[in-house]
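Notes follow once the structure below has been shown.
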Amino acid sequence: MRILIILLLTVATGALAQGGTQLNGQLEKVGEAKLEVLFWSIYRSRLYCPDGTYEPGVRPLRLEIEYLRDIRSEDLVKRTGEEWEQLGVTDPAREEWLATLRTLWPDVSKNDVLAVELDEDSRATFFHNQRRLGTIEDPDFGQRFVDIWLSPDTSRPELRLALTGKREG
């Protein structure tokens with residue numbers, strides 16, 4: 001049951017227009033999706049890109065996750081690893097990335113927002129309720145992280161379609 005509840009893992013800040021981000025005012029919403037597992041609402045996600053259009057590799061971009069329940073940071077990190085496993089991510093830095101996430105991400109409560117912003121060089125900066133948590137400089141990490149939601153091989157293709165503006169979510 002706990003594993004079903006931790007099907008989230010991302011990051012996000014409340015609203016793009018509320019400030020506190022490097023990309024404030026530069027991006028438009030592409031799409032929005034809600035993850036529900038059985039009877040539980042887990043999170044609502046939003047994707048922002050230049051001109052409100054998503055294409056693979058577009059930068060900058062912002063992915064927000066608004067949590068609809070309390071989740072421990074360790075569960076978020078664990079779920080990230082599981083999603084990478086499902087995607088076949090075998091990067092030698094993977095365990096280091098997960099260790100870094102353990103130090104960056106707080107436990108989240110209902111209505112908290114975690115966000116990740118990828119800049120033009122794919123550096124990933126994380127935010128929690130508009131407060132900057134830190135940056136992972138490795139561009140491979142940034143792409144691998146957003147692939148959890150945006151890869152054609154994602155475990156949640158219906159969310160990908162809604163986030164990328166291809167279908168209602």
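Numbering starts fresh at 1 for the residues of each chain in the structure tokens, the chains themselves are lettered A, B, ... in the order given, and ligands are numbered from 1 as they appear.
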For this session: Check the DSSP output for the backbone and give back, as number ranges by chain, the residues of stretch 52-104 of chain A in helix (DSSP H, G or I).
Result: A: 52, 73-87, 94-104
Take the selection from the previous step and output its residues with C-alpha atoms, as an mmCIF file, in the first residue's frame.
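Dumped everything to part_27.cif:
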data_model
loop_
_atom_site.group_PDB
_atom_site.id
_atom_site.type_symbol
_atom_site.label_atom_id
_atom_site.label_comp_id
_atom_site.auth_asym_id
_atom_site.auth_seq_id
_atom_site.Cartn_x
_atom_site.Cartn_y
_atom_site.Cartn_z
ATOM 1 C CA GLY A 52 3.671 26.630 -23.693
ATOM 2 C CA SER A 73 11.403 12.201 1.501
ATOM 3 C CA GLU A 74 12.948 8.737 1.723
ATOM 4 C CA ASP A 75 9.865 7.336 -0.031
ATOM 5 C CA LEU A 76 10.210 9.954 -2.785
ATOM 6 C CA VAL A 77 13.868 9.042 -3.322
ATOM 7 C CA LYS A 78 13.070 5.331 -3.297
ATOM 8 C CA ARG A 79 10.340 5.838 -5.895
ATOM 9 C CA THR A 80 12.766 7.826 -8.068
ATOM 10 C CA GLY A 81 15.141 4.870 -8.064
ATOM 11 C CA GLU A 82 12.313 2.467 -8.908
ATOM 12 C CA GLU A 83 11.204 4.633 -11.817
ATOM 13 C CA TRP A 84 14.775 4.807 -13.140
ATOM 14 C CA GLU A 85 14.985 1.045 -12.834
ATOM 15 C CA GLN A 86 11.805 0.696 -14.893
ATOM 16 C CA LEU A 87 13.235 3.103 -17.504
ATOM 17 C CA ARG A 94 22.743 7.021 -10.375
ATOM 18 C CA GLU A 95 23.465 6.098 -6.741
ATOM 19 C CA GLU A 96 25.244 9.414 -6.212
ATOM 20 C CA TRP A 97 22.212 11.241 -7.628
ATOM 21 C CA LEU A 98 19.899 9.389 -5.245
ATOM 22 C CA ALA A 99 22.191 10.214 -2.305
ATOM 23 C CA THR A 100 22.083 13.891 -3.292
ATOM 24 C CA LEU A 101 18.287 13.817 -3.481
ATOM 25 C CA ARG A 102 18.198 12.360 0.051
ATOM 26 C CA THR A 103 19.998 15.488 1.267
ATOM 27 C CA LEU A 104 17.915 17.928 -0.803
#
Exercise. Within 9 Å of A:Arg69, counting only C-alpha atoms, which residues qualify if same-chain residues fewer than 2 places away don't, as a list in words?
Worked result: Ile5, Trp40, Ser41, Ile42, Tyr43, Tyr67, Ile71, Val108, Ser109, Lys110, Asn111 and Asp112 of chain A
For this session: Give me the residues within 6 Å of stretch 57-62 of chain A as number ranges by chain, counting only C-alpha atoms and dropping any in the same chain fewer than 3 places off.
Result: A: 47-49, 116-120
Exercise. DSSP on the backbone: what in stretch 22-147 of chain A comes out strand (DSSP E or B), as a ChimeraX atom specification?
Worked result: /A:28-37,40-49,61-67,71,108,113-118,124-128,131-136
Same residues, N, CA and C atoms, saved as a short mmCIF file (atom, residue, chain, number, x, y, z; two decimals), in the first residue's frame:
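New file selection-v4.cif:
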data_model
loop_
_atom_site.label_atom_id
_atom_site.label_comp_id
_atom_site.auth_asym_id
_atom_site.auth_seq_id
_atom_site.Cartn_x
_atom_site.Cartn_y
_atom_site.Cartn_z
N GLU A 28 5.43 29.12 -20.01
CA GLU A 28 3.97 29.02 -20.01
C GLU A 28 3.58 27.57 -19.75
N LYS A 29 2.42 27.39 -19.11
CA LYS A 29 1.97 26.04 -18.81
C LYS A 29 1.65 25.28 -20.09
N VAL A 30 2.18 24.05 -20.15
CA VAL A 30 1.94 23.15 -21.28
C VAL A 30 0.76 22.25 -20.96
N GLY A 31 0.80 21.63 -19.77
CA GLY A 31 -0.25 20.69 -19.40
C GLY A 31 -0.23 20.40 -17.92
N GLU A 32 -1.27 19.70 -17.49
CA GLU A 32 -1.44 19.37 -16.08
C GLU A 32 -2.02 17.96 -15.98
N ALA A 33 -1.62 17.22 -14.94
CA ALA A 33 -2.11 15.86 -14.77
C ALA A 33 -2.24 15.56 -13.28
N LYS A 34 -3.14 14.66 -12.96
CA LYS A 34 -3.34 14.23 -11.57
C LYS A 34 -3.11 12.73 -11.49
N LEU A 35 -2.26 12.33 -10.54
CA LEU A 35 -2.02 10.91 -10.32
C LEU A 35 -2.93 10.42 -9.21
N GLU A 36 -3.72 9.41 -9.54
CA GLU A 36 -4.58 8.74 -8.56
C GLU A 36 -4.27 7.25 -8.64
N VAL A 37 -4.16 6.65 -7.46
CA VAL A 37 -3.90 5.22 -7.37
C VAL A 37 -5.02 4.64 -6.53
N TRP A 40 -6.87 6.79 -3.90
CA TRP A 40 -6.05 7.86 -3.34
C TRP A 40 -5.55 8.83 -4.39
N SER A 41 -5.69 10.10 -4.10
CA SER A 41 -5.08 11.14 -4.93
C SER A 41 -3.67 11.33 -4.40
N ILE A 42 -2.67 11.23 -5.26
CA ILE A 42 -1.28 11.30 -4.85
C ILE A 42 -0.70 12.69 -5.11
N TYR A 43 -0.78 13.16 -6.35
CA TYR A 43 -0.27 14.49 -6.66
C TYR A 43 -0.89 15.03 -7.93
N ARG A 44 -0.73 16.34 -8.09
CA ARG A 44 -1.10 17.03 -9.32
C ARG A 44 0.21 17.59 -9.87
N SER A 45 0.48 17.35 -11.13
CA SER A 45 1.72 17.81 -11.75
C SER A 45 1.40 18.81 -12.86
N ARG A 46 2.38 19.73 -13.07
CA ARG A 46 2.25 20.74 -14.11
C ARG A 46 3.59 20.90 -14.81
N LEU A 47 3.55 21.05 -16.12
CA LEU A 47 4.76 21.24 -16.92
C LEU A 47 4.70 22.61 -17.58
N TYR A 48 5.83 23.33 -17.50
CA TYR A 48 5.97 24.65 -18.10
C TYR A 48 7.16 24.66 -19.05
N CYS A 49 6.95 25.26 -20.23
CA CYS A 49 8.02 25.37 -21.23
C CYS A 49 7.88 26.72 -21.94
N LEU A 61 12.81 24.31 -18.84
CA LEU A 61 11.50 23.78 -18.50
C LEU A 61 11.37 23.70 -16.99
N ARG A 62 10.13 23.61 -16.55
CA ARG A 62 9.83 23.51 -15.13
C ARG A 62 8.76 22.44 -14.95
N LEU A 63 8.99 21.53 -14.02
CA LEU A 63 8.01 20.49 -13.67
C LEU A 63 7.66 20.68 -12.21
N GLU A 64 6.38 20.81 -11.93
CA GLU A 64 5.90 20.99 -10.57
C GLU A 64 5.07 19.79 -10.14
N ILE A 65 5.22 19.44 -8.88
CA ILE A 65 4.39 18.39 -8.29
C ILE A 65 3.76 18.98 -7.02
N GLU A 66 2.45 19.04 -7.00
CA GLU A 66 1.72 19.48 -5.81
C GLU A 66 1.17 18.23 -5.14
N TYR A 67 1.67 17.96 -3.96
CA TYR A 67 1.30 16.73 -3.27
C TYR A 67 -0.08 16.84 -2.64
N ILE A 71 4.04 12.64 2.34
CA ILE A 71 4.96 11.60 1.87
C ILE A 71 6.35 11.90 2.42
N VAL A 108 7.25 15.84 2.47
CA VAL A 108 6.23 16.75 1.96
C VAL A 108 4.91 16.47 2.65
N VAL A 113 4.47 21.86 -2.58
CA VAL A 113 4.85 21.79 -3.98
C VAL A 113 6.36 21.64 -4.07
N LEU A 114 6.77 20.62 -4.81
CA LEU A 114 8.18 20.45 -5.16
C LEU A 114 8.28 20.76 -6.65
N ALA A 115 9.35 21.45 -7.05
CA ALA A 115 9.54 21.78 -8.46
C ALA A 115 10.98 21.52 -8.85
N VAL A 116 11.16 21.20 -10.10
CA VAL A 116 12.50 21.13 -10.69
C VAL A 116 12.49 22.02 -11.92
N GLU A 117 13.54 22.80 -12.04
CA GLU A 117 13.74 23.62 -13.23
C GLU A 117 15.01 23.16 -13.92
N LEU A 118 14.92 22.93 -15.21
CA LEU A 118 16.09 22.61 -16.01
C LEU A 118 16.42 23.84 -16.84
N ALA A 124 19.70 20.98 -12.99
CA ALA A 124 18.42 20.82 -12.30
C ALA A 124 18.44 21.55 -10.97
N THR A 125 17.55 22.53 -10.82
CA THR A 125 17.41 23.25 -9.55
C THR A 125 16.06 22.88 -8.95
N PHE A 126 16.08 22.47 -7.68
CA PHE A 126 14.88 22.06 -6.98
C PHE A 126 14.38 23.14 -6.03
N PHE A 127 13.05 23.19 -5.90
CA PHE A 127 12.38 24.14 -5.02
C PHE A 127 11.33 23.40 -4.19
N HIS A 128 11.13 23.86 -2.97
CA HIS A 128 10.07 23.35 -2.09
C HIS A 128 9.27 24.56 -1.63
N ARG A 131 10.95 27.84 -2.08
CA ARG A 131 12.28 28.00 -1.48
C ARG A 131 13.25 27.11 -2.22
N ARG A 132 14.34 27.71 -2.68
CA ARG A 132 15.35 26.96 -3.42
C ARG A 132 16.02 25.94 -2.50
N LEU A 133 16.08 24.68 -2.96
CA LEU A 133 16.71 23.61 -2.18
C LEU A 133 18.15 23.37 -2.62
N GLY A 134 18.43 23.50 -3.89
CA GLY A 134 19.78 23.24 -4.40
C GLY A 134 19.75 22.86 -5.86
N THR A 135 20.95 22.73 -6.43
CA THR A 135 21.11 22.44 -7.86
C THR A 135 22.00 21.22 -8.04
N ILE A 136 21.62 20.38 -8.98
CA ILE A 136 22.47 19.27 -9.42
C ILE A 136 22.98 19.67 -10.80
#
Problem set entry | Nearest residue to A:Ser122 from the set A:Leu27, A:Val89, A:Leu68, A:Val146 (distances using only C-alpha atoms) | A:Val146
For this session: Measure the distance from atom CA of A:Leu161 to atom CA of A:Phe141 in Å and round it to one decimal.
Result: 22.3 Å
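Interatomic distance, atom CA of A:Leu38 to atom CA of A:Thr164: 23.6 Å.
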Exercise. Which one is closest to A:Asp153: A:Pro139, A:Asp121, A:Gln130, A:Gly88? Count only C-alpha atoms.
Worked result: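 The closest residue to A:Asp153 is A:Gly88.
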